[in-house]
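Reading through the structure tokens given below for one structure.
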Amino acid sequence: RAGLTGLEFAHGIPGSLGGGVRMNAGAYGGEMCQVVAAVQAWLPGQGAARLEGAELDLRYRHSIFMENGGVVLSAWLSLEPGNGAAIREKMEDLARRRREKQPLELPSGGSTFKRPAEGYAAALIEQCGLKGLSVGGAQVSAKHAGFVVNAGGASCADVRALIALVQRRVQEET
């Protein structure tokens, strides 16, 4: 609404700003590292601290918070003035692409697996015949194998067990 561009890629990614910074969330060629200038964080043994972008060690699905146990309290984002209509159009395009390819009709935590150095996790999972595999109410999506969905009544233990099973099978078979 403010006509600022740079964060369109995040439209539709589930979660919070703090979680997005912690894991350097991204999609469709964009990542939080491209827009995070600094954060206010709570660091174990230190308390509140401001950390600048370079101090965050943001890289593919990683940040310093995965090592130091810190919690992101707030963030300063560096966005640029843009064309409001173009921004909305890009967000609508990304939403359309997500609806076509992702299992948005069922609850999930979003894309579940990290992309390997070469290729895509979903392709490896599908290659191993794991689409539709279930543990309790958790299921590898039949629409996109990179997502674990709640097909009905899934517990946290179901989701964790299914993720571990998929990781083990893909490791063994590929």
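Ordering of the structure tokens sets the chain letters (A, B, ...); residue numbers start at 1 within each chain; ligands are numbered from 1 in the order shown.
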
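Excluding region 151-157 of chain A and any residue on its chain fewer than 6 positions from it, the residues at most 9 Å away by only C-alpha atoms are Leu106, Pro107, Ser134, Val135, Gly136, Gly137, Ala138, Gln139 and Ser141 of chain A.
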
(Q) List as number ranges by chain the protein and nucleic acid residues near Ala164 (chain A), meaning an atom at most 12 Å away when only C-alpha atoms are counted, but skip any in the same chain fewer than 3 places from it. (A) A: 112-113, 134-135, 140, 148, 157-161, 167-171

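Within the 7 Å cut-off around region 75-85 of chain A, using only C-alpha atoms and omitting residues fewer than 3 positions from it on the same chain, the listed residues are Gly3, Leu4, Thr5, Gly6, Val35, Val36, Ala37, Ala38, Val39, Gln40, Arg88 and Glu89 of chain A.
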
Emit the selected residues as a compact mmCIF listing (two decimals), in the first residue's frame, including N, CA, C and O atoms.
```txt
# COMPACT_ATOMS: atom_id res chain seq x y z
N GLY A 3 3.60 1.61 -1.66
CA GLY A 3 4.32 1.72 -2.91
C GLY A 3 5.80 1.41 -2.77
O GLY A 3 6.62 1.96 -3.50
N LEU A 4 6.15 0.52 -1.84
CA LEU A 4 7.55 0.14 -1.65
C LEU A 4 7.79 -1.25 -2.23
O LEU A 4 7.01 -2.17 -1.98
N THR A 5 8.85 -1.40 -2.98
CA THR A 5 9.14 -2.66 -3.65
C THR A 5 10.36 -3.34 -3.04
O THR A 5 11.22 -2.69 -2.45
N GLY A 6 10.40 -4.66 -3.20
CA GLY A 6 11.52 -5.46 -2.72
C GLY A 6 11.10 -6.66 -1.90
O GLY A 6 11.85 -7.60 -1.71
N VAL A 35 16.65 -7.71 1.69
CA VAL A 35 15.93 -6.55 2.19
C VAL A 35 16.18 -6.23 3.66
O VAL A 35 15.84 -5.14 4.11
N VAL A 36 16.79 -7.15 4.42
CA VAL A 36 17.01 -6.90 5.85
C VAL A 36 18.25 -6.04 6.04
O VAL A 36 19.36 -6.45 5.68
N ALA A 37 18.06 -4.86 6.59
CA ALA A 37 19.18 -3.96 6.86
C ALA A 37 19.76 -4.19 8.25
O ALA A 37 20.97 -4.13 8.45
N ALA A 38 18.88 -4.47 9.22
CA ALA A 38 19.31 -4.67 10.60
C ALA A 38 18.16 -5.29 11.38
O ALA A 38 17.02 -5.29 10.92
N VAL A 39 18.46 -5.83 12.55
CA VAL A 39 17.42 -6.36 13.44
C VAL A 39 17.71 -5.96 14.87
O VAL A 39 18.86 -5.70 15.24
N GLN A 40 16.66 -5.92 15.66
CA GLN A 40 16.77 -5.84 17.11
C GLN A 40 16.50 -7.25 17.57
O GLN A 40 15.50 -7.86 17.19
N ARG A 88 1.53 -4.65 -7.03
CA ARG A 88 0.33 -5.48 -6.88
C ARG A 88 0.28 -6.56 -7.96
O ARG A 88 -0.05 -7.72 -7.68
N GLU A 89 0.64 -6.20 -9.19
CA GLU A 89 0.63 -7.16 -10.30
C GLU A 89 1.62 -8.30 -10.03
O GLU A 89 1.30 -9.47 -10.25
```

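Note that CA of Arg50 (chain A) and CA of Gly69 (chain A) are 15.0 Å apart.
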
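Closest approach to Phe65 (chain A) among A:Met23, A:Lys90, A:Arg96, A:Gly47 is made by A:Met23 (distances from only C-alpha atoms).
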
(Q) For the helix (DSSP H, G or I) assignment from backbone DSSP, which residues of region 38-88 of chain A qualify? Please present them as a PyMOL selection string. (A) chain A and resi 53-56+65-68+84-88

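One finds CA of Phe147 (chain A) at 18.0 Å from CA of Gly19 (chain A).
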
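Every protein or nucleic acid residue with an atom no more than 10 Å from Pro14 (chain A), counting only C-alpha atoms and leaving out same-chain residues fewer than 2 positions away, appears here: Ala10, His11, Gly12, Ser16, Leu17, Gly19, Gly20, Ala25, Ser108, Gly109, Gly110 and Ser111 of chain A.
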
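Between CA of Gly30 (chain A) and CA of Asn68 (chain A) the separation is 24.8 Å.
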
**Q.** In region 44-171 of chain A, DSSP strand (DSSP E or B) residues written as number ranges by chain
**A.** A: 47-52, 59, 62, 71-77, 80-81, 108-111, 134-135, 138-140, 147-150

Q. Quick one: residues within 12 Å of Pro116 (chain A), only C-alpha atoms counted, chain neighbours fewer than 4 positions away excluded, as a ChimeraX atom specification?
A. /A:60-61,120-125,146,167,170-171,174

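Distances from A:Gln46, A:Ala145, A:Arg115, A:Ser74 to Gln127 (chain A) were compared using only C-alpha atoms, and the smallest one belongs to A:Ala145.
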
(Q) Could you check the closest approach to Val71 (chain A) for each of A:Gly29, A:Pro44, A:Gly53, A:Gly119 and tell me which residue wins, using only C-alpha atoms? (A) A:Pro44
